[in-house]
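Coordinates from coords_37.csv are shown below (CSV, C-alpha atoms).
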```csv
chain,number,residue,atom,x,y,z
A,42,MET,CA,191.0,45.5,79.7
A,43,GLU,CA,191.1,42.4,82.0
A,44,ALA,CA,191.2,44.6,85.0
A,45,LEU,CA,188.2,46.5,83.8
A,46,ALA,CA,186.3,43.2,83.2
A,47,VAL,CA,187.1,42.0,86.8
A,48,ARG,CA,185.8,45.3,88.2
A,49,LEU,CA,182.6,45.1,86.1
A,50,SER,CA,181.9,41.5,87.0
A,51,GLY,CA,182.2,42.5,90.7
A,52,LEU,CA,179.5,45.1,90.3
A,53,ASP,CA,177.0,43.2,88.2
A,54,PRO,CA,176.5,39.4,88.1
A,55,TYR,CA,174.9,39.7,84.6
A,56,VAL,CA,178.1,41.3,83.3
A,57,ASP,CA,180.1,38.5,84.9
A,58,GLY,CA,178.0,35.9,83.1
A,59,ALA,CA,178.2,37.7,79.8
A,60,LEU,CA,181.9,38.0,80.0
A,61,ARG,CA,182.2,34.3,80.7
A,62,ILE,CA,180.1,33.5,77.7
A,63,VAL,CA,182.2,35.8,75.5
A,64,ALA,CA,185.4,34.1,76.8
A,65,PHE,CA,183.8,30.6,76.2
A,66,TYR,CA,183.1,31.3,72.5
A,67,ASP,CA,186.4,33.0,72.0
A,68,THR,CA,188.0,29.8,73.1
A,69,LEU,CA,185.9,27.8,70.7
A,70,MET,CA,186.8,30.0,67.8
A,71,ARG,CA,190.5,29.8,68.6
A,72,ARG,CA,190.1,26.1,68.5
A,73,ARG,CA,188.5,26.3,65.1
A,74,VAL,CA,185.6,24.1,66.0
A,75,ASP,CA,183.0,23.2,63.3
A,76,LEU,CA,179.2,23.8,63.4
A,77,PRO,CA,178.2,20.5,65.0
A,78,ALA,CA,180.8,21.1,67.8
A,79,LEU,CA,179.5,24.7,68.3
A,80,ALA,CA,175.9,23.3,68.6
A,81,ARG,CA,177.0,20.7,71.1
A,82,ALA,CA,178.9,23.2,73.2
A,83,SER,CA,176.1,25.8,73.1
A,84,ALA,CA,173.4,23.2,74.1
A,85,GLY,CA,175.6,22.2,77.1
A,86,LEU,CA,176.2,25.8,78.1
A,87,ALA,CA,172.5,26.8,77.8
A,88,GLU,CA,171.3,23.5,79.3
A,89,CYS,CA,168.6,23.3,76.6
A,90,VAL,CA,168.3,22.4,72.9
A,91,ALA,CA,170.4,24.6,70.6
A,92,GLY,CA,170.1,24.8,66.8
A,93,ILE,CA,172.0,26.1,63.8
A,94,ARG,CA,170.5,26.4,60.3
A,95,LEU,CA,172.1,27.6,57.1
A,96,HIS,CA,169.7,29.1,54.5
A,97,GLY,CA,171.9,28.2,51.5
A,98,THR,CA,172.0,24.5,52.2
A,99,GLY,CA,168.9,24.1,54.3
A,100,ARG,CA,171.0,22.1,56.7
A,101,ALA,CA,169.8,22.2,60.3
A,102,ILE,CA,171.7,21.0,63.4
A,103,ARG,CA,169.8,20.5,66.7
A,104,VAL,CA,171.6,19.2,69.8
A,105,ALA,CA,170.3,18.4,73.2
A,106,PRO,CA,172.2,19.3,76.4
A,107,ASP,CA,173.6,15.7,76.6
A,108,GLY,CA,175.2,16.2,73.2
A,109,ARG,CA,172.8,14.0,71.3
A,110,GLU,CA,170.2,14.7,68.7
A,111,PRO,CA,166.9,15.5,70.5
A,112,SER,CA,164.1,13.0,70.3
A,113,GLY,CA,160.7,14.1,69.1
A,114,PRO,CA,159.7,17.0,66.9
A,115,PRO,CA,161.4,20.4,67.3
A,116,ALA,CA,159.9,22.7,69.9
A,117,ALA,CA,159.2,26.4,69.3
A,118,ALA,CA,162.4,28.5,69.5
A,119,SER,CA,162.5,30.6,72.6
A,120,THR,CA,165.2,33.0,71.2
A,121,THR,CA,166.6,33.3,67.7
A,122,VAL,CA,169.5,35.4,66.2
A,123,PRO,CA,170.5,35.6,62.5
A,124,ILE,CA,173.9,34.5,61.3
A,125,THR,CA,175.5,37.2,59.0
A,126,LEU,CA,178.5,36.9,56.8
A,127,ASP,CA,179.6,39.9,54.6
A,128,ASP,CA,176.5,41.8,55.6
A,129,GLU,CA,174.3,39.0,54.3
A,130,GLU,CA,172.0,36.8,56.5
A,131,ILE,CA,173.1,33.2,55.8
A,132,GLY,CA,171.3,31.4,58.6
A,133,THR,CA,169.8,31.3,62.1
A,134,VAL,CA,170.8,30.1,65.5
A,135,TRP,CA,168.2,29.5,68.2
A,136,LEU,CA,167.5,28.0,71.6
A,137,GLU,CA,164.5,25.8,72.5
A,138,ARG,CA,164.2,26.7,76.2
A,139,PRO,CA,160.9,25.7,77.9
A,140,GLY,CA,159.2,28.6,79.6
A,141,THR,CA,160.8,32.0,79.8
A,142,PRO,CA,164.1,32.7,78.0
A,143,GLY,CA,167.1,33.0,80.2
A,144,PRO,CA,168.6,36.4,81.0
A,145,LEU,CA,171.8,35.6,79.1
A,146,ASP,CA,170.2,33.7,76.2
A,147,SER,CA,170.5,36.6,73.8
A,148,VAL,CA,174.2,37.1,74.7
A,149,LEU,CA,174.9,33.4,74.1
A,150,LEU,CA,173.2,33.4,70.7
A,151,ASP,CA,174.9,36.6,69.6
A,152,ARG,CA,178.3,34.9,70.2
A,153,LEU,CA,177.1,31.6,68.7
A,154,ALA,CA,176.1,33.4,65.6
A,155,ILE,CA,179.5,35.1,65.3
A,156,ALA,CA,181.2,31.8,65.8
A,157,ALA,CA,179.0,30.0,63.3
A,158,ALA,CA,179.7,32.7,60.6
A,159,SER,CA,183.4,32.2,61.3
A,160,ALA,CA,183.1,28.4,60.9
A,161,VAL,CA,181.2,28.8,57.7
A,162,GLU,CA,183.8,31.1,56.3
A,163,ARG,CA,186.6,28.8,57.3
A,164,TYR,CA,185.2,25.4,56.3
A,165,GLY,CA,182.9,26.5,53.5
A,166,PRO,CA,181.9,26.2,50.9
A,167,ALA,CA,180.9,29.8,51.4
A,168,SER,CA,177.2,29.9,51.6
A,169,THR,CA,176.6,33.5,50.8
A,170,THR,CA,174.4,34.1,47.8
A,171,MET,CA,176.0,37.3,46.6
A,172,ALA,CA,179.1,36.8,44.4
A,173,ASP,CA,181.8,38.9,42.8
A,174,PRO,CA,180.1,40.6,39.7
A,175,ALA,CA,183.3,40.2,37.7
A,176,LEU,CA,183.3,36.4,38.3
A,177,VAL,CA,179.6,36.1,37.4
A,178,GLU,CA,180.2,38.2,34.2
A,179,LEU,CA,183.1,35.9,33.3
A,180,ALA,CA,180.8,32.9,33.7
A,181,ILE,CA,178.0,34.2,31.5
A,182,SER,CA,179.8,36.4,28.9
A,183,ALA,CA,179.8,35.3,25.3
A,184,ASP,CA,183.4,36.5,25.0
A,185,SER,CA,184.7,34.0,27.6
A,186,ASP,CA,186.4,30.8,26.4
A,187,GLU,CA,185.2,27.5,27.8
A,188,ALA,CA,188.2,27.1,30.2
A,189,SER,CA,187.7,30.5,31.7
A,190,ARG,CA,183.9,29.9,32.1
A,191,ALA,CA,184.5,26.5,33.7
A,192,ARG,CA,187.0,28.1,36.2
A,193,ALA,CA,184.6,30.9,37.0
A,194,LEU,CA,181.7,28.5,37.7
A,195,ARG,CA,184.0,26.3,39.8
A,196,LEU,CA,185.1,29.4,41.9
A,197,LEU,CA,181.4,30.3,42.3
A,198,GLY,CA,180.8,26.9,43.8
A,199,PHE,CA,179.1,25.0,40.9
A,200,ALA,CA,180.3,21.4,40.4
A,201,PRO,CA,181.5,20.5,36.9
A,202,GLY,CA,178.8,19.1,34.6
A,203,VAL,CA,175.9,20.3,36.8
A,204,PRO,CA,173.3,22.3,34.7
A,205,VAL,CA,173.1,25.9,35.7
A,206,HIS,CA,170.0,28.1,34.9
A,207,VAL,CA,170.6,31.9,34.5
A,208,LEU,CA,167.9,34.4,35.5
A,209,ALA,CA,167.7,38.1,34.6
A,210,VAL,CA,165.9,39.8,37.4
A,211,ARG,CA,164.4,43.2,38.1
A,212,ALA,CA,163.2,43.7,41.7
A,213,ARG,CA,163.2,46.0,44.7
A,214,LEU,CA,164.2,43.2,47.1
A,215,PRO,CA,167.9,42.4,47.5
A,216,LEU,CA,169.2,39.8,45.0
A,217,ASP,CA,170.4,37.5,47.8
A,218,ARG,CA,166.9,37.2,49.2
A,219,ILE,CA,165.4,36.5,45.8
A,220,GLY,CA,168.1,33.9,45.0
A,221,SER,CA,167.3,32.1,48.3
A,222,MET,CA,163.6,32.2,47.5
A,223,VAL,CA,163.7,30.8,44.0
A,224,CYS,CA,166.4,28.2,44.7
A,225,PRO,CA,165.9,27.1,48.3
A,226,ALA,CA,167.7,23.8,48.1
A,227,GLY,CA,170.4,24.1,45.4
A,228,GLN,CA,173.5,26.1,44.8
A,229,VAL,CA,172.7,29.7,43.9
A,230,LYS,CA,174.8,32.8,43.3
A,231,ALA,CA,173.7,36.4,42.4
A,232,ALA,CA,175.3,39.7,41.4
A,233,PRO,CA,174.1,43.0,39.9
A,234,LEU,CA,175.2,43.6,36.3
A,235,ALA,CA,174.5,47.0,34.8
A,236,ASP,CA,170.8,47.6,35.4
A,237,VAL,CA,169.9,43.9,35.7
A,238,GLY,CA,170.3,41.4,38.5
A,239,VAL,CA,171.9,38.0,37.6
A,240,ILE,CA,171.0,34.8,39.4
A,241,LEU,CA,172.8,31.5,38.6
A,242,ALA,CA,171.1,28.4,40.2
A,243,THR,CA,171.2,24.7,39.8
A,244,GLY,CA,167.4,24.5,40.4
A,245,VAL,CA,164.7,27.1,40.1
A,246,ASP,CA,161.2,27.3,41.4
A,247,PRO,CA,159.7,30.4,39.5
A,248,ALA,CA,156.5,30.2,41.6
A,249,ARG,CA,158.6,31.4,44.6
A,250,LEU,CA,159.5,34.7,42.9
A,251,PRO,CA,158.3,37.5,45.3
A,252,PRO,CA,155.5,39.8,44.4
A,253,GLY,CA,156.6,42.8,42.4
A,254,ALA,CA,159.7,41.1,41.0
A,255,ARG,CA,160.1,40.1,37.3
A,256,ALA,CA,162.4,37.5,35.9
A,257,GLY,CA,163.4,36.0,32.6
A,258,MET,CA,164.8,32.5,32.7
A,259,GLY,CA,167.1,30.8,30.2
A,260,ALA,CA,167.6,27.1,29.6
A,261,ALA,CA,170.2,25.2,31.6
A,262,ASP,CA,172.7,24.5,28.8
A,263,SER,CA,175.5,26.9,28.3
A,264,PRO,CA,175.5,29.8,30.8
A,265,ASP,CA,176.3,32.4,28.1
A,266,ARG,CA,173.5,31.3,25.9
A,267,SER,CA,171.2,31.0,29.0
A,268,TRP,CA,172.0,34.6,29.9
A,269,ARG,CA,171.1,35.9,26.4
A,270,GLN,CA,167.9,33.9,26.6
A,271,ALA,CA,167.1,35.2,30.1
A,272,ARG,CA,167.6,38.9,29.1
A,273,THR,CA,165.3,38.4,26.1
A,274,ALA,CA,162.7,36.6,28.3
A,275,LEU,CA,162.8,39.5,30.8
A,276,ARG,CA,161.7,41.9,28.1
A,277,PHE,CA,158.5,39.9,27.7
A,278,THR,CA,157.5,40.0,31.3
A,279,THR,CA,154.4,41.9,32.4
A,280,ARG,CA,152.6,42.6,35.6
A,281,ARG,CA,150.3,39.7,34.9
A,282,ARG,CA,153.2,37.5,33.7
A,283,PRO,CA,156.1,38.3,36.0
A,284,VAL,CA,158.1,35.2,35.1
A,285,VAL,CA,158.8,34.2,31.5
A,286,ARG,CA,160.8,31.1,30.4
A,287,TYR,CA,162.6,31.7,27.1
A,288,ALA,CA,161.6,28.2,26.0
A,289,GLU,CA,157.9,29.2,26.3
A,290,LEU,CA,158.2,32.1,23.9
A,291,GLY,CA,158.7,30.1,20.8
A,292,ALA,CA,158.4,32.2,17.7
A,293,LEU,CA,157.5,35.3,19.8
A,294,ALA,CA,161.2,35.5,20.7
A,295,LEU,CA,161.8,36.7,17.2
A,296,LEU,CA,160.0,40.0,18.0
A,297,ALA,CA,162.9,40.9,20.2
A,298,ASP,CA,165.1,41.1,17.1
A,299,VAL,CA,162.9,43.5,15.3
A,300,PRO,CA,164.8,46.8,14.9
A,301,PRO,CA,163.2,49.5,17.1
A,302,GLU,CA,162.9,51.9,14.1
A,303,ALA,CA,160.9,49.3,12.1
A,304,ALA,CA,158.7,48.5,15.2
A,305,ARG,CA,157.9,52.2,15.8
A,306,ASP,CA,157.0,52.7,12.1
A,307,ASN,CA,154.4,49.9,12.2
A,308,ALA,CA,150.9,51.2,12.1
A,309,ASP,CA,149.5,48.7,14.7
A,310,VAL,CA,152.3,49.5,17.1
A,311,ALA,CA,151.8,53.2,16.7
A,312,ALA,CA,148.1,52.8,17.4
A,313,VAL,CA,148.8,50.9,20.6
A,314,ASP,CA,151.1,53.8,21.6
A,315,ARG,CA,148.2,56.2,21.2
A,316,ILE,CA,146.0,54.0,23.3
A,317,ALA,CA,148.7,53.9,26.0
A,318,GLY,CA,147.8,57.5,26.8
A,319,ASN,CA,144.6,56.2,28.5
A,320,PRO,CA,145.6,53.7,31.2
A,321,ASP,CA,142.1,52.2,31.3
A,322,ASP,CA,142.1,51.5,27.6
A,323,LEU,CA,145.5,49.9,27.8
A,324,GLU,CA,144.5,47.8,30.7
A,325,THR,CA,141.4,46.7,28.8
A,326,LEU,CA,143.3,45.8,25.7
A,327,ASP,CA,145.9,43.8,27.8
A,328,ALA,CA,143.1,41.9,29.6
A,329,TYR,CA,141.3,41.1,26.3
A,330,CYS,CA,144.5,40.0,24.6
A,331,SER,CA,145.5,37.9,27.6
A,332,THR,CA,142.1,36.1,27.8
A,333,GLY,CA,140.8,36.3,24.2
A,334,SER,CA,137.3,36.6,25.7
A,335,LEU,CA,135.2,39.7,26.5
A,336,ARG,CA,133.6,38.1,29.6
A,337,ARG,CA,136.9,36.7,31.0
A,338,ALA,CA,138.5,40.1,30.5
A,339,ALA,CA,135.6,41.6,32.4
A,340,ASP,CA,136.1,39.1,35.2
A,341,LEU,CA,139.8,39.9,35.3
A,342,LEU,CA,139.2,43.6,35.6
A,343,HIS,CA,136.1,43.2,37.9
A,344,LEU,CA,133.9,45.2,35.5
A,345,HIS,CA,130.6,44.4,33.8
A,346,HIS,CA,131.0,42.9,30.4
A,347,SER,CA,129.0,45.7,28.8
A,348,SER,CA,131.6,48.2,30.1
A,349,ILE,CA,134.4,46.1,28.5
A,350,ALA,CA,132.4,45.9,25.3
A,351,ARG,CA,132.1,49.7,25.0
A,352,ARG,CA,135.8,50.1,25.7
A,353,LEU,CA,136.8,47.5,23.2
A,354,GLU,CA,134.6,49.2,20.6
A,355,GLN,CA,136.5,52.4,21.0
A,356,ILE,CA,139.9,50.7,21.1
A,357,ALA,CA,139.0,48.8,17.9
A,358,LYS,CA,138.3,52.1,16.1
A,359,ILE,CA,141.7,53.5,17.2
A,360,LEU,CA,143.5,50.4,16.2
A,361,ASP,CA,141.5,50.0,13.0
A,362,ILE,CA,141.4,46.3,13.8
A,363,ASP,CA,138.4,43.9,14.1
A,364,LEU,CA,139.1,42.5,17.6
A,365,THR,CA,136.4,39.9,17.2
A,366,ASP,CA,138.2,38.3,14.3
A,367,PRO,CA,141.0,35.8,15.2
A,368,THR,CA,143.4,37.5,12.8
A,369,GLY,CA,142.6,40.9,14.3
A,370,LEU,CA,143.1,39.6,17.8
A,371,MET,CA,146.5,38.1,16.8
A,372,ARG,CA,147.5,41.5,15.3
A,373,ALA,CA,146.5,43.3,18.5
A,374,ARG,CA,148.5,40.8,20.6
A,375,LEU,CA,151.6,41.2,18.4
A,376,ALA,CA,151.3,45.0,18.4
A,377,LEU,CA,150.9,45.2,22.2
A,378,THR,CA,153.8,42.8,22.7
A,379,THR,CA,156.0,44.8,20.3
A,380,TRP,CA,155.1,48.1,21.9
A,381,ARG,CA,156.2,46.7,25.3
A,382,LEU,CA,159.5,45.5,23.9
A,383,LEU,CA,160.1,49.1,22.9
A,384,GLY,CA,159.9,50.0,26.6
A,385,GLY,CA,156.2,50.7,26.9
```

Could the structure of this file be written out as structure tokens, please?
Amino acid sequence: MEALAVRLSGLDPYVDGALRIVAFYDTLMRRRVDLPALARASAGLAECVAGIRLHGTGRAIRVAPDGREPSGPPAAASTTVPITLDDEEIGTVWLERPGTPGPLDSVLLDRLAIAAASAVERYGPASTTMADPALVELAISADSDEASRARALRLLGFAPGVPVHVLAVRARLPLDRIGSMVCPAGQVKAAPLADVGVILATGVDPARLPPGARAGMGAADSPDRSWRQARTALRFTTRRRPVVRYAELGALALLADVPPEAARDNADVAAVDRIAGNPDDLETLDAYCSTGSLRRAADLLHLHHSSIARRLEQIAKILDIDLTDPTGLMRARLALTTWRLLGG
């Protein structure tokens, strides 16, 4: 192999430079250097500012060629490469080279990214978001004793005594990306469990949930209780309300405990099921129940209020409910919510 490398380097100066870079980082990895040392070595080799950032911690390291922290604000990155660990993107490395990127910059960053992933794995704590599903299940299961739960949380990287929120999530995006979005600064772990994604996080910003995703959020007390609450809250999510906190449900949470047979036998719920055959009527009823106002429902659906009035008149006949009466509106809201809990 070494003989081949010598022959290749003699044929192409680019190959010679690339091989030297590979050997340079192989030496750093054998010496088990940490992230700051990798950044300093890379900046010196590239003769420009080099940076390393980890998504999980938000930590960023920028080093100038002289080994010191650069003065002034960061410049635009001339070349970037993701850091991956266990097939998950955990960070980014970059160079801030003025002008045109160097011909070997991509090679340098590829090797820096590999070395950075190795350092993260070695020195930890592991910053990958995805976790062992069995460990997550142990942390949130009602059947786990407190000692086993505490050990599972510790192995997942959560410090003792730190409140942990549990989210039940359904989304098309990978769970690790969603976890990083809703908890950009704190500790977060995620794993699929049956047909639901589980996210454990020390701090959650529900407003950062990506479009199309839905999440139920439990209180940050006991992880097993928080998980039960999160699953219940997830059932109450809708397209217009993609994130539901269990604490905000109040007495509505009791609807989740209604036996399905009893819910289906209810006349109001059965009437909503008939309306559901017409998507426009269902959308109109949902908008009216959400706003409690004919005109606000019309604005929400971008229709004239007279069109909404005609639709609601027909819907009221099917429901056999006076939707203009506060009690009637409450009945319609409860029936629509219960119908959704049945999987509608």

With all atoms listed in the file as the counted atoms, please give the residues lying no more than 12 Å from Arg266 in chain A, apart from itself and same-chain residues fewer than 3 positions off, as a ChimeraX atom specification.
/A:180-185,205-208,258-263,269-273,287

Next, the residues of the selection above should be written as a tab-separated table (two decimals), in the frame of the given file with C-alpha atoms.
```tsv
chain	number	residue	atom	x	y	z
A	180	ALA	CA	180.80	32.90	33.70
A	181	ILE	CA	178.00	34.20	31.50
A	182	SER	CA	179.80	36.40	28.90
A	183	ALA	CA	179.80	35.30	25.30
A	184	ASP	CA	183.40	36.50	25.00
A	185	SER	CA	184.70	34.00	27.60
A	205	VAL	CA	173.10	25.90	35.70
A	206	HIS	CA	170.00	28.10	34.90
A	207	VAL	CA	170.60	31.90	34.50
A	208	LEU	CA	167.90	34.40	35.50
A	258	MET	CA	164.80	32.50	32.70
A	259	GLY	CA	167.10	30.80	30.20
A	260	ALA	CA	167.60	27.10	29.60
A	261	ALA	CA	170.20	25.20	31.60
A	262	ASP	CA	172.70	24.50	28.80
A	263	SER	CA	175.50	26.90	28.30
A	269	ARG	CA	171.10	35.90	26.40
A	270	GLN	CA	167.90	33.90	26.60
A	271	ALA	CA	167.10	35.20	30.10
A	272	ARG	CA	167.60	38.90	29.10
A	273	THR	CA	165.30	38.40	26.10
A	287	TYR	CA	162.60	31.70	27.10
```

If you count only C-alpha atoms, which residues fall within 10 Å of Ala78 in chain A, apart from same-chain ones fewer than 6 positions away, as a PyMOL selection string?
chain A and resi 69+84+104+108

Write out as an mmCIF file with C-alpha atoms, in the coordinates of the input each polymer residue whose atoms come within 12 Å of Leu194 in chain A, counting all atoms listed in the file; drop sequence neighbours fewer than 5 positions from it.
```cif
data_model
loop_
_atom_site.group_PDB
_atom_site.id
_atom_site.type_symbol
_atom_site.label_atom_id
_atom_site.label_comp_id
_atom_site.auth_asym_id
_atom_site.auth_seq_id
_atom_site.Cartn_x
_atom_site.Cartn_y
_atom_site.Cartn_z
ATOM 1 C CA ALA A 172 179.100 36.800 44.400
ATOM 2 C CA ASP A 173 181.800 38.900 42.800
ATOM 3 C CA ALA A 175 183.300 40.200 37.700
ATOM 4 C CA LEU A 176 183.300 36.400 38.300
ATOM 5 C CA VAL A 177 179.600 36.100 37.400
ATOM 6 C CA GLU A 178 180.200 38.200 34.200
ATOM 7 C CA LEU A 179 183.100 35.900 33.300
ATOM 8 C CA ALA A 180 180.800 32.900 33.700
ATOM 9 C CA ILE A 181 178.000 34.200 31.500
ATOM 10 C CA SER A 182 179.800 36.400 28.900
ATOM 11 C CA SER A 185 184.700 34.000 27.600
ATOM 12 C CA GLU A 187 185.200 27.500 27.800
ATOM 13 C CA ALA A 188 188.200 27.100 30.200
ATOM 14 C CA SER A 189 187.700 30.500 31.700
ATOM 15 C CA PHE A 199 179.100 25.000 40.900
ATOM 16 C CA ALA A 200 180.300 21.400 40.400
ATOM 17 C CA PRO A 201 181.500 20.500 36.900
ATOM 18 C CA GLY A 202 178.800 19.100 34.600
ATOM 19 C CA VAL A 203 175.900 20.300 36.800
ATOM 20 C CA PRO A 204 173.300 22.300 34.700
ATOM 21 C CA VAL A 205 173.100 25.900 35.700
ATOM 22 C CA GLN A 228 173.500 26.100 44.800
ATOM 23 C CA VAL A 229 172.700 29.700 43.900
ATOM 24 C CA LYS A 230 174.800 32.800 43.300
ATOM 25 C CA LEU A 241 172.800 31.500 38.600
ATOM 26 C CA ALA A 242 171.100 28.400 40.200
ATOM 27 C CA THR A 243 171.200 24.700 39.800
ATOM 28 C CA SER A 263 175.500 26.900 28.300
ATOM 29 C CA PRO A 264 175.500 29.800 30.800
ATOM 30 C CA ASP A 265 176.300 32.400 28.100
#
```

What is the distance, in Å and to one decimal place, between CA of Gly227 in chain A and CA of Gly244 in chain A?
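Distance between the two atoms: 5.8 Å.
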
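CA of Leu383 in chain A is found 16.9 Å from CA of Arg211 in chain A.
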
If I take CA of Pro233 in chain A and CA of Leu216 in chain A, how far is one from the other in Å, to one decimal?
7.8 Å

Long-range neighbours of Thr68 in chain A as a ChimeraX atom specification, 12 Å cut-off, only C-alpha atoms, 6 positions minimum in chain
/A:61-62,74,79,82,152-153,156

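Counting only C-alpha atoms, the residue from A:Ile356, A:Val239, A:Ala304, A:Ala80 that sits nearest to Ala154 in chain A is A:Ala80.
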
Between A:Arg305, A:Thr141, A:Ile316, A:Ala209, single out the one closest to Ala274 in chain A, counting all atoms listed in the file.
A:Ala209

All heavy atoms of range 344-351 of chain A from block above, as an mmCIF file, in the first residue's frame:
```cif
data_model
loop_
_atom_site.group_PDB
_atom_site.id
_atom_site.type_symbol
_atom_site.label_atom_id
_atom_site.label_comp_id
_atom_site.auth_asym_id
_atom_site.auth_seq_id
_atom_site.Cartn_x
_atom_site.Cartn_y
_atom_site.Cartn_z
ATOM 1 N N LEU A 344 -63.470 31.949 2.894
ATOM 2 C CA LEU A 344 -64.753 31.898 2.212
ATOM 3 C C LEU A 344 -65.631 33.052 2.687
ATOM 4 O O LEU A 344 -65.389 33.649 3.745
ATOM 5 C CB LEU A 344 -65.468 30.568 2.501
ATOM 6 C CG LEU A 344 -64.816 29.299 1.946
ATOM 7 C CD1 LEU A 344 -65.538 28.069 2.499
ATOM 8 C CD2 LEU A 344 -64.835 29.289 0.425
ATOM 9 N N HIS A 345 -66.658 33.370 1.911
ATOM 10 C CA HIS A 345 -67.594 34.420 2.328
ATOM 11 C C HIS A 345 -68.445 33.884 3.474
ATOM 12 O O HIS A 345 -68.795 32.699 3.510
ATOM 13 C CB HIS A 345 -68.487 34.828 1.148
ATOM 14 C CG HIS A 345 -69.225 36.099 1.396
ATOM 15 N ND1 HIS A 345 -70.457 36.128 2.035
ATOM 16 C CD2 HIS A 345 -68.919 37.387 1.102
ATOM 17 C CE1 HIS A 345 -70.866 37.390 2.121
ATOM 18 N NE2 HIS A 345 -69.956 38.169 1.551
ATOM 19 N N HIS A 346 -68.785 34.772 4.403
ATOM 20 C CA HIS A 346 -69.524 34.312 5.584
ATOM 21 C C HIS A 346 -70.889 33.739 5.223
ATOM 22 O O HIS A 346 -71.416 32.873 5.929
ATOM 23 C CB HIS A 346 -69.669 35.442 6.608
ATOM 24 C CG HIS A 346 -70.478 36.607 6.131
ATOM 25 N ND1 HIS A 346 -71.849 36.649 6.236
ATOM 26 C CD2 HIS A 346 -70.116 37.770 5.522
ATOM 27 C CE1 HIS A 346 -72.297 37.787 5.735
ATOM 28 N NE2 HIS A 346 -71.266 38.484 5.296
ATOM 29 N N SER A 347 -71.474 34.175 4.110
ATOM 30 C CA SER A 347 -72.770 33.625 3.710
ATOM 31 C C SER A 347 -72.634 32.150 3.301
ATOM 32 O O SER A 347 -73.537 31.345 3.548
ATOM 33 C CB SER A 347 -73.367 34.438 2.562
ATOM 34 O OG SER A 347 -72.507 34.405 1.418
ATOM 35 N N SER A 348 -71.496 31.808 2.687
ATOM 36 C CA SER A 348 -71.263 30.410 2.310
ATOM 37 C C SER A 348 -71.124 29.542 3.560
ATOM 38 O O SER A 348 -71.654 28.419 3.621
ATOM 39 C CB SER A 348 -69.993 30.294 1.457
ATOM 40 O OG SER A 348 -70.123 31.024 0.257
ATOM 41 N N ILE A 349 -70.418 30.054 4.556
ATOM 42 C CA ILE A 349 -70.259 29.318 5.808
ATOM 43 C C ILE A 349 -71.617 29.178 6.499
ATOM 44 O O ILE A 349 -71.934 28.120 7.058
ATOM 45 C CB ILE A 349 -69.252 30.033 6.734
ATOM 46 C CG1 ILE A 349 -67.865 30.067 6.087
ATOM 47 C CG2 ILE A 349 -69.193 29.347 8.094
ATOM 48 C CD1 ILE A 349 -67.266 28.705 5.853
ATOM 49 N N ALA A 350 -72.417 30.237 6.454
ATOM 50 C CA ALA A 350 -73.738 30.181 7.096
ATOM 51 C C ALA A 350 -74.599 29.091 6.473
ATOM 52 O O ALA A 350 -75.295 28.353 7.193
ATOM 53 C CB ALA A 350 -74.423 31.538 6.977
ATOM 54 N N ARG A 351 -74.563 28.961 5.147
ATOM 55 C CA ARG A 351 -75.361 27.927 4.487
ATOM 56 C C ARG A 351 -74.872 26.530 4.865
ATOM 57 O O ARG A 351 -75.663 25.619 5.125
ATOM 58 C CB ARG A 351 -75.308 28.112 2.964
ATOM 59 C CG ARG A 351 -76.157 29.260 2.445
ATOM 60 C CD ARG A 351 -76.304 29.178 0.936
ATOM 61 N NE ARG A 351 -75.018 29.331 0.252
ATOM 62 C CZ ARG A 351 -74.501 30.497 -0.123
ATOM 63 N NH1 ARG A 351 -75.171 31.621 0.143
ATOM 64 N NH2 ARG A 351 -73.340 30.561 -0.746
#
```
